[in-house]
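Structure data (mmCIF, C-alpha atoms (C1' of nucleotides)) from final-v6.cif:
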```
data_target
#
loop_
_atom_site.label_atom_id
_atom_site.label_comp_id
_atom_site.auth_asym_id
_atom_site.auth_seq_id
_atom_site.Cartn_x
_atom_site.Cartn_y
_atom_site.Cartn_z
CA MET Z 1 119.99 110.80 42.70
CA THR Z 2 116.98 108.51 42.49
CA LYS Z 3 114.99 107.35 45.50
CA ILE Z 4 113.99 103.69 45.25
CA LEU Z 5 111.50 101.89 47.50
CA LEU Z 6 111.97 98.12 47.70
CA ALA Z 7 109.92 95.56 49.58
CA THR Z 8 110.07 91.86 50.35
CA TRP Z 9 106.87 90.00 51.19
CA ASN Z 10 105.87 86.39 51.65
CA ILE Z 11 102.30 86.60 50.39
CA ASN Z 12 101.22 82.97 50.99
CA SER Z 13 99.52 82.39 47.61
CA ILE Z 14 99.53 85.06 44.90
CA ARG Z 15 96.02 84.08 43.78
CA ALA Z 16 94.41 84.18 47.23
CA ARG Z 17 96.32 87.39 48.02
CA LEU Z 18 95.84 89.27 44.74
CA PRO Z 19 93.35 91.85 46.13
CA VAL Z 20 95.61 92.55 49.12
CA LEU Z 21 98.71 92.72 46.92
CA LEU Z 22 97.18 95.09 44.35
CA LYS Z 23 95.77 97.33 47.09
CA TRP Z 24 99.15 97.51 48.80
CA LEU Z 25 100.96 98.25 45.52
CA GLU Z 26 98.53 101.05 44.67
CA ILE Z 27 98.86 102.68 48.09
CA ASN Z 28 102.64 102.42 48.42
CA ASP Z 29 103.82 102.45 44.80
CA PRO Z 30 107.08 100.59 45.51
CA ASP Z 31 109.70 100.42 42.73
CA ILE Z 32 110.90 96.86 43.33
CA VAL Z 33 109.09 94.04 45.16
CA MET Z 34 110.35 90.57 45.95
CA LEU Z 35 107.52 88.11 46.57
CA GLN Z 36 107.69 84.61 48.04
CA GLU Z 37 105.36 81.65 48.41
CA LEU Z 38 103.32 82.29 45.26
CA LYS Z 39 101.87 78.74 45.45
CA ALA Z 40 101.17 78.70 41.71
CA SER Z 41 102.80 77.59 38.48
CA ASP Z 42 103.84 80.38 36.11
CA LYS Z 43 100.82 79.87 33.87
CA ASP Z 44 98.45 80.28 36.84
CA ILE Z 45 100.00 83.53 38.13
CA PRO Z 46 97.75 86.58 37.47
CA LYS Z 47 100.62 88.62 36.07
CA GLU Z 48 98.50 90.88 33.82
CA GLU Z 49 96.92 92.57 36.84
CA ILE Z 50 100.41 93.33 38.18
CA GLU Z 51 101.78 94.42 34.81
CA ASN Z 52 98.80 96.80 34.51
CA LEU Z 53 100.32 98.69 37.45
CA LYS Z 54 103.40 99.32 35.24
CA TYR Z 55 105.61 96.61 36.70
CA ASN Z 56 107.96 94.32 34.89
CA PHE Z 57 107.18 90.89 36.31
CA ILE Z 58 109.38 87.81 36.42
CA SER Z 59 108.69 84.63 38.34
CA LYS Z 60 109.83 81.14 39.10
CA GLY Z 61 106.52 79.50 39.86
CA GLN Z 62 105.69 76.03 41.12
CA LYS Z 63 102.38 74.26 41.44
CA ALA Z 64 100.91 74.34 45.00
CA TYR Z 65 104.12 75.15 46.85
CA ASN Z 66 106.94 77.70 46.98
CA GLY Z 67 107.38 80.10 44.05
CA VAL Z 68 109.21 83.46 43.95
CA SER Z 69 108.99 86.60 41.84
CA ILE Z 70 110.39 90.08 41.31
CA LEU Z 71 108.33 93.13 40.35
CA SER Z 72 110.16 96.19 39.06
CA LYS Z 73 109.31 99.56 37.56
CA TYR Z 74 112.82 99.51 36.07
CA PRO Z 75 114.05 97.08 33.39
CA LEU Z 76 115.18 93.64 34.52
CA SER Z 77 117.95 91.68 32.84
CA ASP Z 78 120.51 88.94 33.52
CA ILE Z 79 117.79 86.82 35.15
CA THR Z 80 118.69 83.69 37.11
CA TYR Z 81 115.88 81.29 37.96
CA ASN Z 82 117.61 79.16 40.59
CA LEU Z 83 120.64 79.07 42.83
CA PRO Z 84 123.62 78.52 40.48
CA SER Z 85 125.23 76.59 43.33
CA TYR Z 86 122.19 74.25 43.59
CA THR Z 87 120.76 73.81 40.10
CA GLU Z 88 119.46 70.33 40.95
CA ASP Z 89 117.06 71.81 43.54
CA SER Z 90 113.52 70.85 42.51
CA GLN Z 91 111.81 73.63 44.49
CA ALA Z 92 111.24 77.20 43.25
CA ARG Z 93 112.99 79.24 45.92
CA TYR Z 94 115.30 81.73 44.23
CA ILE Z 95 115.15 84.30 41.45
CA GLU Z 96 117.76 86.96 40.76
CA ALA Z 97 118.01 89.84 38.32
CA TRP Z 98 119.90 92.97 37.45
CA VAL Z 99 117.83 96.16 37.75
CA ASN Z 100 118.89 98.95 35.42
CA ILE Z 101 118.33 102.37 36.99
CA ASN Z 102 119.45 105.27 34.79
CA ASN Z 103 122.40 103.29 33.42
CA ARG Z 104 123.49 102.30 36.87
CA GLY Z 105 121.75 99.67 38.88
CA LEU Z 106 121.63 96.98 41.46
CA ARG Z 107 121.38 93.22 41.69
CA VAL Z 108 118.36 91.89 43.55
CA ALA Z 109 117.12 88.45 44.50
CA SER Z 110 113.89 87.08 45.95
CA VAL Z 111 114.77 84.36 48.44
CA TYR Z 112 112.51 81.71 49.96
CA ALA Z 113 114.53 79.46 52.25
CA PRO Z 114 112.94 76.15 53.31
CA ASN Z 115 110.87 76.02 56.48
CA GLY Z 116 112.66 72.92 57.75
CA ASN Z 117 110.08 71.60 60.18
CA PRO Z 118 109.97 69.27 61.86
CA ILE Z 119 113.59 69.22 62.98
CA ASN Z 120 115.38 65.85 63.08
CA THR Z 121 113.87 64.97 59.70
CA GLU Z 122 115.01 65.17 56.08
CA LYS Z 123 113.10 68.45 55.85
CA PHE Z 124 115.54 70.08 58.24
CA SER Z 125 118.59 68.61 56.49
CA TYR Z 126 117.19 69.97 53.22
CA LYS Z 127 116.90 73.39 54.83
CA ILE Z 128 120.55 73.27 55.87
CA LYS Z 129 121.67 72.01 52.48
CA TRP Z 130 119.72 74.79 50.77
CA LEU Z 131 121.14 77.45 53.09
CA GLU Z 132 124.69 76.18 52.53
CA ASN Z 133 124.20 76.53 48.79
CA PHE Z 134 122.69 79.98 49.25
CA TYR Z 135 125.71 80.90 51.34
CA LYS Z 136 128.05 79.77 48.56
CA HIS Z 137 126.22 81.77 45.92
CA SER Z 138 125.91 84.87 48.08
CA LEU Z 139 129.72 84.91 48.47
CA LYS Z 140 130.13 84.74 44.69
CA LEU Z 141 127.89 87.79 44.35
CA LEU Z 142 130.13 89.75 46.75
CA ASP Z 143 133.00 89.37 44.26
CA TYR Z 144 131.06 91.51 41.76
CA GLU Z 145 131.33 94.49 44.14
CA GLU Z 146 127.85 95.67 43.23
CA LEU Z 147 124.86 97.08 45.07
CA THR Z 148 123.45 93.68 46.05
CA ILE Z 149 120.08 93.34 47.76
CA LEU Z 150 118.96 89.83 48.73
CA GLY Z 151 115.42 90.09 50.11
CA GLY Z 152 113.22 87.30 51.27
CA ASP Z 153 111.79 84.88 53.75
CA TYR Z 154 114.91 83.27 55.18
CA ASN Z 155 112.97 81.26 57.74
CA ILE Z 156 115.65 82.16 60.27
CA CYS Z 157 115.15 84.02 63.52
CA PRO Z 158 118.73 85.30 63.99
CA ASN Z 159 118.74 86.35 67.66
CA ASP Z 160 116.62 86.34 70.80
CA ILE Z 161 115.49 89.92 70.17
CA ASP Z 162 113.88 88.71 66.95
CA ALA Z 163 111.18 86.69 68.70
CA ALA Z 164 108.39 87.60 71.12
CA ASP Z 165 109.10 84.51 73.22
CA VAL Z 166 112.02 82.22 72.40
CA ASN Z 167 110.43 79.45 74.46
CA LEU Z 168 107.67 79.23 71.85
CA ILE Z 169 110.14 78.59 69.03
CA ALA Z 170 112.89 76.69 70.86
CA GLY Z 171 112.06 73.50 68.95
CA ASP Z 172 111.27 75.24 65.68
CA ALA Z 173 113.52 75.05 62.65
CA ILE Z 174 113.68 78.87 62.46
CA TYR Z 175 115.54 79.01 65.77
CA GLN Z 176 118.02 76.13 65.42
CA LYS Z 177 121.71 77.01 65.85
CA GLN Z 178 122.67 75.21 62.63
CA ALA Z 179 120.49 77.52 60.55
CA ARG Z 180 121.29 80.65 62.55
CA ASN Z 181 125.02 79.98 62.24
CA ILE Z 182 124.80 79.95 58.45
CA PHE Z 183 122.99 83.30 58.61
CA LYS Z 184 125.74 84.63 60.87
CA SER Z 185 128.40 83.31 58.49
CA ILE Z 186 126.83 85.26 55.64
CA LEU Z 187 127.02 88.40 57.79
CA ASN Z 188 130.59 87.61 58.79
CA LYS Z 189 131.56 87.43 55.12
CA GLY Z 190 130.37 90.98 54.49
CA TYR Z 191 126.59 91.11 54.16
CA ASN Z 192 124.53 93.39 56.36
CA ASP Z 193 121.22 92.48 58.00
CA ALA Z 194 119.75 95.83 56.98
CA TYR Z 195 116.94 95.90 59.52
CA ARG Z 196 119.14 95.07 62.51
CA SER Z 197 121.92 97.35 61.27
CA LEU Z 198 119.58 100.34 61.57
CA ASN Z 199 117.24 99.24 64.39
CA LEU Z 200 119.06 98.03 67.46
CA ASP Z 201 116.04 97.88 69.75
CA ASP Z 202 112.82 97.34 67.77
CA PRO Z 203 112.08 93.63 67.33
CA GLY Z 204 110.87 94.18 63.77
CA PHE Z 205 108.57 91.19 63.54
CA THR Z 206 107.52 90.28 60.00
CA TYR Z 207 105.47 87.14 60.71
CA TRP Z 208 102.60 86.36 63.03
CA ASP Z 209 100.77 83.05 63.01
CA TYR Z 210 97.11 83.13 61.93
CA GLY Z 211 94.73 83.35 64.88
CA ARG Z 212 95.37 85.63 67.83
CA SER Z 213 99.12 86.07 67.37
CA PHE Z 214 98.97 89.42 65.57
CA ASN Z 215 96.68 91.06 68.13
CA ASN Z 216 98.90 89.74 70.92
CA ASN Z 217 102.05 90.66 68.96
CA ILE Z 218 103.47 87.15 69.27
CA GLY Z 219 105.68 87.44 66.20
CA VAL Z 220 109.09 86.65 64.80
CA ARG Z 221 111.54 88.45 62.50
CA ILE Z 222 112.32 85.94 59.76
CA ASP Z 223 112.08 88.08 56.61
CA HIS Z 224 115.30 89.96 55.89
CA PHE Z 225 117.11 92.25 53.52
CA LEU Z 226 120.76 91.24 53.20
CA LEU Z 227 122.84 94.05 51.69
CA SER Z 228 126.35 94.26 50.31
CA SER Z 229 128.35 97.10 51.85
CA TYR Z 230 127.80 99.14 48.66
CA ALA Z 231 124.04 98.76 49.09
CA LEU Z 232 124.16 99.58 52.79
CA ASP Z 233 126.01 102.79 51.93
CA VAL Z 234 122.99 104.05 49.94
CA CYS Z 235 120.36 102.76 52.38
CA GLU Z 236 118.17 105.59 53.69
CA ASN Z 237 115.56 103.73 55.71
CA ILE Z 238 114.17 100.30 56.52
CA PHE Z 239 110.86 99.55 58.18
CA VAL Z 240 108.18 96.91 58.63
CA ASP Z 241 104.77 97.85 57.19
CA LYS Z 242 102.30 96.18 59.54
CA VAL Z 243 99.25 97.77 57.89
CA PRO Z 244 98.35 94.99 55.42
CA ARG Z 245 98.69 92.34 58.13
CA ALA Z 246 95.47 93.80 59.63
CA TRP Z 247 93.49 93.74 56.36
CA GLU Z 248 90.86 91.17 55.44
CA ARG Z 249 92.30 87.81 54.30
CA PRO Z 250 95.91 88.79 55.00
CA SER Z 251 99.12 86.89 54.47
CA ASP Z 252 100.65 85.67 57.73
CA HIS Z 253 103.73 87.76 56.77
CA THR Z 254 103.85 91.53 56.30
CA PRO Z 255 106.13 93.58 53.99
CA LEU Z 256 109.63 94.64 54.98
CA CYS Z 257 110.46 97.88 53.16
CA LEU Z 258 113.79 99.41 52.21
CA GLU Z 259 114.54 102.88 50.84
CA ILE Z 260 117.74 103.55 48.94
CA ASP Z 261 119.09 106.56 47.06
CA VAL Z 262 121.12 105.69 43.99
"C1'" DA A 263 102.28 76.41 71.85
"C1'" DT A 264 99.69 72.38 68.55
"C1'" DG A 265 98.73 73.28 63.44
"C1'" DC A 266 93.06 75.06 66.99
"C1'" DC A 267 94.48 78.98 60.96
"C1'" DG A 268 94.81 79.25 56.05
"C1'" DG A 269 95.95 77.66 51.27
"C1'" DG A 270 96.39 74.05 47.53
"C1'" DC A 271 94.69 70.05 45.58
"C1'" DG A 272 90.72 68.09 44.19
"C1'" DA A 273 86.54 66.84 45.69
"C1'" DA A 274 87.73 64.18 51.54
"C1'" DG A 275 91.30 64.54 53.86
"C1'" DC A 276 96.12 65.23 53.67
"C1'" DC A 277 100.39 68.13 52.74
"C1'" DC A 278 102.43 72.32 53.87
"C1'" DG A 279 103.58 76.49 56.52
"C1'" DA A 280 106.92 78.41 61.55
#
```
Go through the file and emit its structure as structure tokens.
Amino acid sequence: MTKILLATWNINSIRARLPVLLKWLEINDPDIVMLQELKASDKDIPKEEIENLKYNFISKGQKAYNGVSILSKYPLSDITYNLPSYTEDSQARYIEAWVNINNRGLRVASVYAPNGNPINTEKFSYKIKWLENFYKHSLKLLDYEELTILGGDYNICPNDIDAADVNLIAGDAIYQKQARNIFKSILNKGYNDAYRSLNLDDPGFTYWDYGRSFNNNIGVRIDHFLLSSYALDVCENIFVDKVPRAWERPSDHTPLCLEIDV
DNA sequence: ATGCCGGGCGAAGCCCGA
């Protein structure tokens, strides 16, 4: 058996966050990392520094906004650079790959769902359209009957326990029923919200606004690992690493970590 | 409880994030 540590992290600019990212990688030595919000085109991503830490690095970058990547100590293949169900999407929000681990493996994706604010605008309808297409593709992946791990910033706060104060986000796109219902549909079709499957009581916040929110613990749980049942079966542990959120020049998100034994 | 932070772009002020 091989123990694998995975993480998903919205780093809010890979260039501004490079020192924090490299420090975190060196301390924790994760095997697979899904990053979101790189805010850089592929040519502007400092991938050599990451590859120097013995990672295979793939990305779908975009100038100024969005951008997703996967880091892996194991070989990556069968790479998909967008949602096959939404190839006309102009924003870099999805990358998927097969990870070969000792001639077995798992399928992973780095997911960055749209923010969707303000509601009652085309930004929110785009969020819903994107999520519907993600839903469609995620169902297709279930047919493969693989260890499937879809990690990312879903920009969805699934339930009341996932927010410090629901009154603060009542009008926010992350808390709208339309978006939350799509998330629930994905779970109803067979995916597991890994954090909530294993932690019934801890809120598990992964995001705190810049300013005083982190010190006051006014957070939300919007970053998630969605697992096929085969992946949940090999899941050993899942936890939020709040440490880098307290470092200098942090991202407003902190890593969500998952340990599996395959 | 809004962008007052923070980042990108591009060279001031606007777009974006949740």
What residues come out when you apply the PyMOL selection byres ((chain Z) within 6 of (chain A)) to this file, written as a compact mmCIF listing (two decimals) with C-alpha atoms, in the frame of the given file?
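Heads up, here's the output in selection-v7.txt:
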```
# COMPACT_ATOMS: atom_id res chain seq x y z
CA ALA Z 64 100.91 74.34 45.00
CA TYR Z 210 97.11 83.13 61.93
CA GLY Z 211 94.73 83.35 64.88
```
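Atom CA of Val108 of chain Z to atom CA of Leu18 of chain Z spans 22.7 Å [interatomic distance, one decimal].
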Distance query Gly151 of chain Z at most 7 Å, only C-alpha atoms (C1' of nucleotides), self and fewer than 3 positions along chain excluded, as a PyMOL selection string: chain Z and resi 8+34+109-111+224-226
Put those residues in a file: C-alpha atoms, as a PDB file, keeping the file's coordinate frame.
```pdb
ATOM      1  CA  THR Z   8     110.070  91.860  50.350  1.00  0.00           C
ATOM      2  CA  MET Z  34     110.350  90.570  45.950  1.00  0.00           C
ATOM      3  CA  ALA Z 109     117.120  88.450  44.500  1.00  0.00           C
ATOM      4  CA  SER Z 110     113.890  87.080  45.950  1.00  0.00           C
ATOM      5  CA  VAL Z 111     114.770  84.360  48.440  1.00  0.00           C
ATOM      6  CA  HIS Z 224     115.300  89.960  55.890  1.00  0.00           C
ATOM      7  CA  PHE Z 225     117.110  92.250  53.520  1.00  0.00           C
ATOM      8  CA  LEU Z 226     120.760  91.240  53.200  1.00  0.00           C
TER       9      LEU Z 226
END
```
Using only C-alpha atoms, the residue out of Z:Ala40, Z:Val33, Z:Leu25, Z:Leu6 with shortest distance to Asn52 of chain Z is Z:Leu25
Need to verify the contact set: segment 165-172 of chain Z, 9 Å, all atoms listed in the file, exclusion of same-chain residues closer than 4 positions in sequence. Can you return it as a PDB file with C-alpha atoms (C1' of nucleotides), in the frame of the given file?
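Heads up, here's the output in out.pdb:
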```pdb
ATOM      1  CA  GLY Z 116     112.660  72.920  57.750  1.00  0.00           C
ATOM      2  CA  ASN Z 117     110.080  71.600  60.180  1.00  0.00           C
ATOM      3  CA  PRO Z 118     109.970  69.270  61.860  1.00  0.00           C
ATOM      4  CA  ILE Z 119     113.590  69.220  62.980  1.00  0.00           C
ATOM      5  CA  ASP Z 160     116.620  86.340  70.800  1.00  0.00           C
ATOM      6  CA  ILE Z 161     115.490  89.920  70.170  1.00  0.00           C
ATOM      7  CA  GLN Z 176     118.020  76.130  65.420  1.00  0.00           C
ATOM      8  CA  ILE Z 218     103.470  87.150  69.270  1.00  0.00           C
ATOM      9  CA  GLY Z 219     105.680  87.440  66.200  1.00  0.00           C
ATOM     10  CA  VAL Z 220     109.090  86.650  64.800  1.00  0.00           C
TER      11      VAL Z 220
ATOM     12  C1'  DA A 263     102.280  76.410  71.850  1.00  0.00           C
ATOM     13  C1'  DA A 280     106.920  78.410  61.550  1.00  0.00           C
TER      14       DA A 280
END
```
Length of the atom CA of Lys43 of chain Z to atom CA of Asp78 of chain Z vector [Å]: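 Those two atoms sit 21.7 Å apart.
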Got a sec to resolve the PyMOL selection byres ((chain Z and resi 37) around 6) on this structure and send the residues as number ranges by chain? Z: 10, 12-13, 36, 38-39, 66-67
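Put simply, the PyMOL selection byres ((chain Z and resi 186-200) around 7) in this file takes in Z:Tyr135, Z:Ile182, Z:Phe183, Z:Lys184, Z:Ser185, Z:Asp201, Z:Asp202, Z:His224, Z:Phe225, Z:Leu226, Z:Leu227, Z:Ser228, Z:Ser229, Z:Ile238.
Note that the spacing between atom CA of Ser69 of chain Z and atom CA of Tyr94 of chain Z amounts to 8.3 Å.
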Got a sec to check which residues sit within 6 Å of (113.4, 97.6, 52.4), counting only C-alpha atoms (C1' of nucleotides), and write them as a list in words?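 Using only C-alpha atoms (C1' of nucleotides), the matching residues come out as Leu6, Ala7, Ile238, Leu256, Cys257, Leu258 and Glu259 of chain Z.
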Give me segment 47-68 of chain Z from this structure - N, CA and C atoms, as a short mmCIF file (atom, residue, chain, number, x, y, z; two decimals), in the first residue's frame.
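Once everything was written out, this is out.cif:
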```
data_model
loop_
_atom_site.label_atom_id
_atom_site.label_comp_id
_atom_site.auth_asym_id
_atom_site.auth_seq_id
_atom_site.Cartn_x
_atom_site.Cartn_y
_atom_site.Cartn_z
N LYS Z 47 6.96 27.80 -13.22
CA LYS Z 47 6.85 26.36 -13.02
C LYS Z 47 8.19 25.70 -12.69
N GLU Z 48 9.31 26.34 -13.07
CA GLU Z 48 10.62 25.72 -12.78
C GLU Z 48 10.82 25.57 -11.28
N GLU Z 49 10.45 26.59 -10.53
CA GLU Z 49 10.63 26.53 -9.07
C GLU Z 49 9.85 25.37 -8.46
N ILE Z 50 8.67 25.08 -9.05
CA ILE Z 50 7.86 23.97 -8.55
C ILE Z 50 8.42 22.63 -9.02
N GLU Z 51 8.86 22.60 -10.28
CA GLU Z 51 9.45 21.36 -10.81
C GLU Z 51 10.74 21.01 -10.09
N ASN Z 52 11.45 22.03 -9.57
CA ASN Z 52 12.67 21.78 -8.81
C ASN Z 52 12.39 21.00 -7.52
N LEU Z 53 11.14 21.05 -7.07
CA LEU Z 53 10.76 20.28 -5.88
C LEU Z 53 10.26 18.88 -6.28
N LYS Z 54 10.61 18.46 -7.50
CA LYS Z 54 10.31 17.11 -8.00
C LYS Z 54 8.82 16.87 -8.28
N TYR Z 55 8.15 17.93 -8.71
CA TYR Z 55 6.75 17.77 -9.11
C TYR Z 55 6.63 17.79 -10.62
N ASN Z 56 5.76 16.95 -11.14
CA ASN Z 56 5.24 17.15 -12.49
C ASN Z 56 4.20 18.24 -12.39
N PHE Z 57 4.23 19.18 -13.34
CA PHE Z 57 3.36 20.36 -13.25
C PHE Z 57 2.59 20.53 -14.55
N ILE Z 58 1.27 20.58 -14.45
CA ILE Z 58 0.45 20.90 -15.61
C ILE Z 58 -0.49 22.03 -15.22
N SER Z 59 -0.80 22.88 -16.19
CA SER Z 59 -1.67 24.02 -15.87
C SER Z 59 -2.53 24.40 -17.05
N LYS Z 60 -3.64 25.04 -16.73
CA LYS Z 60 -4.45 25.75 -17.70
C LYS Z 60 -4.48 27.19 -17.19
N GLY Z 61 -3.55 27.99 -17.69
CA GLY Z 61 -3.44 29.35 -17.21
C GLY Z 61 -4.33 30.31 -17.97
N GLN Z 62 -4.45 31.51 -17.44
CA GLN Z 62 -5.20 32.58 -18.10
C GLN Z 62 -4.68 33.90 -17.57
N LYS Z 63 -4.50 34.86 -18.45
CA LYS Z 63 -3.98 36.15 -18.03
C LYS Z 63 -4.93 36.83 -17.04
N ALA Z 64 -4.41 37.26 -15.91
CA ALA Z 64 -5.10 38.09 -14.90
C ALA Z 64 -6.13 37.37 -14.04
N TYR Z 65 -6.87 36.45 -14.64
CA TYR Z 65 -7.97 35.83 -13.89
C TYR Z 65 -7.93 34.31 -13.97
N ASN Z 66 -8.55 33.67 -13.00
CA ASN Z 66 -8.77 32.22 -13.02
C ASN Z 66 -7.44 31.46 -13.13
N GLY Z 67 -7.44 30.32 -13.78
CA GLY Z 67 -6.24 29.51 -13.92
C GLY Z 67 -6.18 28.40 -12.88
N VAL Z 68 -5.91 27.17 -13.36
CA VAL Z 68 -5.88 25.99 -12.48
C VAL Z 68 -4.67 25.13 -12.84
#
```
